[in-house]
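Source file: model-v2.cif. Holds: mmCIF, C-alpha atoms.
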```cif
data_start
#
loop_
_atom_site.label_atom_id
_atom_site.label_comp_id
_atom_site.auth_asym_id
_atom_site.auth_seq_id
_atom_site.Cartn_x
_atom_site.Cartn_y
_atom_site.Cartn_z
CA VAL A 1 93.53 101.38 65.39
CA PHE A 2 96.23 101.95 68.03
CA THR A 3 96.33 98.37 69.34
CA LYS A 4 98.67 97.08 66.67
CA GLY A 5 101.36 99.63 67.40
CA LYS A 6 100.77 100.43 71.04
CA ASN A 7 103.96 98.74 72.27
CA SER A 8 106.11 99.97 69.42
CA SER A 9 108.53 102.86 69.93
CA HIS A 10 110.10 102.53 66.47
CA GLY A 11 109.00 102.36 62.88
CA PRO A 12 105.97 104.00 61.27
CA TRP A 13 103.97 104.09 64.50
CA ARG A 14 106.47 106.23 66.42
CA ASP A 15 105.36 109.61 65.06
CA GLU A 16 101.66 108.75 65.38
CA LEU A 17 102.10 107.65 68.98
CA ARG A 18 104.06 110.77 69.85
CA ALA A 19 101.37 112.94 68.28
CA LEU A 20 98.69 111.11 70.27
CA GLU A 21 100.65 111.51 73.51
CA ASP A 22 101.11 115.24 72.86
CA PHE A 23 97.43 115.63 72.06
CA VAL A 24 96.35 113.88 75.26
CA SER A 25 98.84 115.92 77.28
CA ASP A 26 97.30 119.13 75.92
CA ILE A 27 93.81 117.87 76.78
CA CYS A 28 94.91 117.11 80.34
CA GLU A 29 96.34 120.62 80.73
CA SER A 30 93.07 122.14 79.56
CA TYR A 31 91.09 119.86 81.85
CA LEU A 32 93.23 120.85 84.83
CA GLU A 33 92.62 124.50 84.05
CA HIS A 34 88.85 124.53 83.58
CA GLY A 35 87.50 121.35 82.01
CA GLY A 36 86.37 119.54 85.14
CA GLN A 37 83.08 121.39 85.15
CA TYR A 38 81.96 119.93 81.81
CA GLU A 39 80.66 116.36 81.67
CA SER A 40 81.43 116.08 77.97
CA PHE A 41 85.08 116.91 78.68
CA SER A 42 85.19 114.22 81.38
CA MET A 43 83.69 111.67 78.99
CA CYS A 44 86.31 112.56 76.40
CA LEU A 45 89.16 111.87 78.81
CA ARG A 46 87.56 108.63 79.98
CA LEU A 47 87.66 107.46 76.37
CA PHE A 48 91.48 107.56 76.44
CA LEU A 49 91.56 105.27 79.49
CA ARG A 50 90.21 102.34 77.48
CA HIS A 51 92.44 99.30 77.21
CA ASP A 52 93.04 99.67 73.47
CA PHE A 53 94.93 102.94 73.87
CA PRO A 54 98.72 102.85 74.38
CA PRO A 55 99.84 102.18 77.97
CA LYS A 56 101.74 105.47 78.14
CA VAL A 57 98.61 107.45 77.25
CA ILE A 58 96.63 105.74 80.02
CA SER A 59 99.45 106.16 82.55
CA ASP A 60 100.01 109.81 81.65
CA ILE A 61 96.33 110.69 82.13
CA LEU A 62 96.20 109.01 85.54
CA THR A 63 99.42 110.75 86.60
CA LYS A 64 98.63 114.24 85.28
CA LEU A 65 95.08 114.25 86.64
CA HIS A 66 95.91 112.55 89.94
CA PRO A 67 94.74 115.48 92.12
CA ILE A 68 91.33 115.67 90.41
CA LEU A 69 90.58 112.13 89.21
CA ASN A 70 87.30 112.29 91.13
CA LEU A 71 86.06 114.81 88.54
CA LEU A 72 85.96 112.08 85.90
CA THR A 73 82.87 110.80 87.72
CA ILE A 74 79.61 111.96 86.17
CA LYS A 75 75.97 111.31 86.98
CA GLU A 76 75.13 107.86 85.63
CA ASP A 77 73.15 104.83 86.70
CA ARG A 78 74.53 101.34 87.26
CA GLU A 79 73.69 100.26 83.72
CA SER A 80 75.66 103.15 82.21
CA MET A 81 78.61 102.52 84.52
CA HIS A 82 78.51 98.83 83.61
CA SER A 83 78.66 99.71 79.91
CA SER A 84 81.53 102.15 80.42
CA LEU A 85 83.61 99.64 82.38
CA MET A 86 82.91 96.89 79.85
CA GLN A 87 84.44 99.07 77.14
CA SER A 88 87.42 100.05 79.28
CA VAL A 89 88.92 96.66 80.23
CA SER A 90 90.41 94.08 77.90
CA GLY A 91 88.78 90.94 79.29
CA GLY A 92 88.14 88.63 82.21
CA LEU A 93 90.53 85.90 83.32
CA PRO A 94 93.16 85.50 80.58
CA SER A 95 93.41 81.77 81.33
CA LEU A 96 89.75 81.32 80.40
CA ASP A 97 88.96 83.91 77.74
CA ALA A 98 92.40 84.26 76.12
CA SER A 99 92.40 88.03 76.72
CA ARG A 100 95.72 89.81 77.12
CA ARG A 101 97.15 90.79 80.50
CA ASP A 102 97.46 94.47 81.36
CA PRO A 103 100.93 96.08 81.06
CA SER A 104 102.77 96.67 84.33
CA SER A 105 102.94 100.42 83.69
CA VAL A 106 99.15 100.59 83.52
CA LEU A 107 98.75 98.52 86.69
CA ASP A 108 101.25 100.77 88.48
CA ALA A 109 99.35 103.88 87.38
CA PHE A 110 95.98 102.56 88.55
CA ALA A 111 97.50 101.53 91.90
CA ALA A 112 99.01 105.01 92.30
CA ALA A 113 95.58 106.54 91.63
CA LEU A 114 94.27 104.76 94.73
CA LYS A 115 97.04 105.90 97.05
CA LYS A 116 96.96 108.81 99.50
CA ARG A 117 95.66 112.01 97.97
CA ASP A 118 94.19 115.34 99.09
CA ARG A 119 90.70 114.11 98.24
CA GLU A 120 90.09 110.38 98.58
CA LEU A 121 88.22 108.67 95.79
CA SER A 122 84.87 107.28 96.89
CA ARG A 123 83.87 103.71 96.08
CA GLU A 124 81.32 105.08 93.58
CA ASP A 125 83.86 107.16 91.64
CA TYR A 126 84.54 106.07 88.08
CA ILE A 127 88.32 105.87 88.52
CA TYR A 128 87.96 103.89 91.74
CA LEU A 129 85.71 101.35 90.01
CA LEU A 130 87.99 101.11 86.97
CA ALA A 131 91.14 100.76 89.10
CA ILE A 132 89.57 98.06 91.28
CA THR A 133 88.47 96.21 88.14
CA VAL A 134 91.89 96.30 86.48
CA LEU A 135 93.86 95.45 89.63
CA SER A 136 91.47 92.68 90.70
CA ARG A 137 91.69 91.07 87.27
CA ASN A 138 95.48 91.05 87.45
CA LEU A 139 95.52 89.71 91.00
CA ALA A 140 93.12 86.89 90.14
CA SER A 141 95.14 85.95 87.06
CA SER A 142 98.45 86.03 88.95
CA SER A 143 97.05 83.87 91.75
CA GLN A 144 96.41 81.14 89.19
CA ARG A 145 99.78 80.91 87.58
CA CYS A 146 102.44 83.48 88.44
CA GLU A 147 104.25 83.85 91.78
CA CYS A 148 106.35 86.67 90.33
CA GLY A 149 103.12 88.44 89.36
CA LEU A 150 101.83 88.10 92.92
CA GLU A 151 105.04 89.55 94.33
CA ALA A 152 104.79 92.50 91.92
CA MET A 153 101.17 92.98 92.95
CA LYS A 154 102.12 93.00 96.62
CA LYS A 155 104.64 95.80 96.01
CA ARG A 156 102.13 97.64 93.83
CA LEU A 157 99.49 97.67 96.57
CA ALA A 158 101.89 98.85 99.28
CA GLY A 159 100.69 102.19 100.64
CA ILE A 160 97.07 101.62 99.67
CA SER A 161 94.53 101.55 102.50
CA SER A 162 93.36 98.20 103.86
CA ALA A 163 89.77 99.01 102.84
CA VAL A 164 90.81 99.39 99.19
CA ILE A 165 92.91 96.22 99.28
CA TYR A 166 89.91 94.44 100.76
CA ASP A 167 87.81 95.51 97.77
CA VAL A 168 90.50 94.28 95.35
CA PHE A 169 90.58 90.85 96.99
CA GLN A 170 86.80 90.58 97.21
CA VAL A 171 86.39 91.27 93.50
CA SER A 172 89.22 88.85 92.64
CA LYS A 173 87.55 86.20 94.77
CA LEU A 174 84.21 86.62 92.98
CA LEU A 175 85.92 86.45 89.58
CA LEU A 176 87.77 83.25 90.49
CA GLU A 177 84.57 81.71 91.84
CA SER A 178 82.78 82.29 88.55
CA ALA A 179 82.99 79.28 86.27
CA ALA A 180 83.43 81.31 83.08
CA GLY A 181 85.72 84.12 84.32
CA THR A 182 84.38 86.51 81.69
CA LYS A 183 84.62 90.27 81.49
CA GLU A 184 80.92 90.38 82.38
CA ASN A 185 81.67 88.38 85.56
CA LEU A 186 84.48 90.80 86.40
CA ILE A 187 82.42 93.97 85.96
CA ARG A 188 79.48 92.53 87.87
CA ALA A 189 81.83 91.57 90.72
CA THR A 190 83.22 95.11 90.88
CA LEU A 191 79.81 96.78 90.92
CA ASP A 192 78.30 94.27 93.36
CA THR A 193 81.21 94.88 95.75
CA CYS A 194 81.89 98.60 95.47
CA LEU A 195 78.32 99.86 95.09
CA ASN A 196 77.20 97.84 98.09
CA SER A 197 77.89 99.78 101.28
CA SER A 198 77.48 96.66 103.43
CA SER A 199 80.59 95.13 101.81
CA TYR A 200 82.82 98.00 103.00
CA LEU A 201 85.65 96.68 105.20
CA PHE A 202 84.96 99.04 108.09
CA LEU A 203 81.36 97.85 108.30
CA GLN A 204 82.52 94.27 108.87
CA ASP A 205 82.97 92.83 112.35
CA VAL A 206 86.11 93.66 114.33
CA ASP A 207 87.73 90.28 113.68
CA GLU A 208 87.38 90.74 109.92
CA GLN A 209 88.78 94.27 110.09
CA ASN A 210 91.75 93.12 112.15
CA LYS A 211 92.42 90.28 109.72
CA TRP A 212 92.92 92.82 106.93
CA ALA A 213 94.91 95.37 108.94
CA TRP A 214 97.68 96.36 106.53
CA ASN A 215 100.77 97.74 108.23
CA LYS A 216 104.50 97.14 107.91
CA SER A 217 104.75 94.62 110.74
CA LEU A 218 101.84 92.50 109.48
CA GLU A 219 102.30 93.01 105.74
CA ASP A 220 103.69 89.56 104.91
CA THR A 221 101.24 87.71 107.13
CA VAL A 222 98.21 89.54 105.78
CA TRP A 223 99.35 89.03 102.18
CA ILE A 224 99.96 85.29 102.58
CA ASP A 225 96.60 84.82 104.29
CA ALA A 226 94.85 86.88 101.61
CA VAL A 227 96.37 84.94 98.71
CA THR A 228 95.54 81.65 100.44
CA PHE A 229 91.99 82.95 100.82
CA LEU A 230 91.84 83.61 97.07
CA ARG A 231 93.17 80.24 96.02
CA LYS A 232 90.92 78.36 98.40
CA ASN A 233 87.86 79.95 96.82
CA GLU A 234 88.90 79.48 93.22
CA CYS A 235 86.61 77.55 90.90
CA ARG A 236 88.56 76.43 87.80
CA LYS A 237 87.10 74.84 84.74
CA SER A 238 87.98 71.18 84.60
CA LYS A 239 90.69 70.55 82.09
#
```

Could you render the structure as structure tokens?
Amino acid sequence: VFTKGKNSSHGPWRDELRALEDFVSDICESYLEHGGQYESFSMCLRLFLRHDFPPKVISDILTKLHPILNLLTIKEDRESMHSSLMQSVSGGLPSLDASRRDPSSVLDAFAAALKKRDRELSREDYIYLLAITVLSRNLASSSQRCECGLEAMKKRLAGISSAVIYDVFQVSKLLLESAAGTKENLIRATLDTCLNSSSYLFLQDVDEQNKWAWNKSLEDTVWIDAVTFLRKNECRKSK
């Protein structure tokens, strides 16, 4: 119901959007105070992170709950996590399934959620998996068609650890290698990568770790090599 007016700041949707934003803000305040101990409360907030809610609502939740985003993780098996992620993202590769691209404000908010924090998100945390999914999808799409999108992505990922960036590129690679590029392919790539401890960057050999070392002096070189790596592994449908 919010999709039609989610990018509108004028007209009949303005008051409804403002009311929704105020409501979500109140929920976040309550969650910060004492809601993190209740799984049902966590599930409620996760609902508002789905792609069909307004970008500002998604961004506000990620910003307000930044110190305790790990608490949005609940006990669930892979099948349940798969279902939750499937409902949270808008699609696979836009070039193949005609899904819409994610707004830059949402991408910025998910990237910020992965940056330095008092308590690092684990690779099994819900927000980590959702952020990797959203960012990987955007990176894969930008690598196909949009140099300006790649440059924006490079700036967005600045300050994120090399291990996290490695996960983003690995998921993007798997999505590009899939012939169909569907949402199902995307979610499977995220779970296969992040729930597999052997795929963690710091369990790779030293040469691989050094190749992904992300610091100011090597930033451009690592980025160019990484994007080349993505494009080399892409499998496009024949036109």

Inset, instruction - Please identify all polymer residues lying at most 8 Å from the point (85.2, 83.7, 85.0) (file coordinates), using all atoms listed in the file, and present the result as an MDAnalysis selection string. - result: chainID A and resid 92:93 96 175:183 185:186

Legend entry - Proximity to Ser105 in chain A - best of A:Thr133, A:Thr73, A:Ser122, A:Ser59, all atoms listed in the file: A:Ser59

Give me, as a tab-separated table, the closest atom pair and its distance (Å, one decimal) for every residue of range 67-112 of chain A within a cut-off of 10 Å of range 145-169 of chain A, counting all atoms listed in the file, rows sorted by chain and rising number.
```
residue	atom	partner	partner_atom	distance
A:Ser95	CA	A:Arg145	CA	9.0
A:Ser104	CA	A:Ala152	CA	8.9
A:Leu107	CA	A:Arg156	CA	7.9
A:Asp108	CA	A:Arg156	CA	6.3
A:Ala109	CA	A:Arg156	CA	9.4
A:Phe110	CA	A:Arg156	CA	9.5
A:Ala111	CA	A:Arg156	CA	6.3
A:Ala112	CA	A:Arg156	CA	8.1
```

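Interatomic distance, CA of Glu120 in chain A against CA of His66 in chain A: 10.6 Å.
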
Inset, instruction - Name the residues that the PyMOL selection byres ((chain A and resi 24-37) around 8) picks from the file above, as a ChimeraX atom specification, using the file's chain letters and numbers. - result: /A:20-23,38-39,41-42,45,57,60-61,64-65,68,71-72

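Counting only C-alpha atoms and comparing A:Thr221, A:Asn138, A:Ser172, A:Asn70, the residue that lies closest to Thr193 in chain A is A:Ser172.
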
Inset, instruction - Just say which residues the PyMOL selection byres ((chain A and resi 77-85) around 8) picks in this file, as a VMD selection string. - result: chain A and resid 75 to 76 86 to 89 126 130 187 to 188 191

Inset, instruction - Return the single residue from A:Arg50, A:Lys116, A:Arg123, A:Arg100 that is closest to Asn196 in chain A, with distances computed using all atoms listed in the file. - result: A:Arg123

Inset, instruction - Tell me which protein, DNA and RNA residues are within 8 Å of Ile132 in chain A, counting all atoms listed in the file, leaving out same-chain ones fewer than 2 positions away, and put them as a PyMOL selection string. - result: chain A and resi 128-130+134-136+167-168+171+190

Inset, instruction - Would you mind reading off the distance between CA of Val227 in chain A and CA of Lys211 in chain A, one decimal, in Å? - result: 12.9 Å

Legend entry - Atom-to-atom span, CA of Lys115 in chain A and CA of Ser90 in chain A, Å: 23.5 Å

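Each of A:His51, A:Ala113, A:Met43, A:Glu124 was checked against Leu195 in chain A using only C-alpha atoms; the smallest atom-to-atom distance is that of A:Glu124.
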
Legend entry - Pick from A:Pro67, A:Trp223, A:Ser199, A:Val106 nearest to Pro55 in chain A, counting all atoms listed in the file: A:Val106
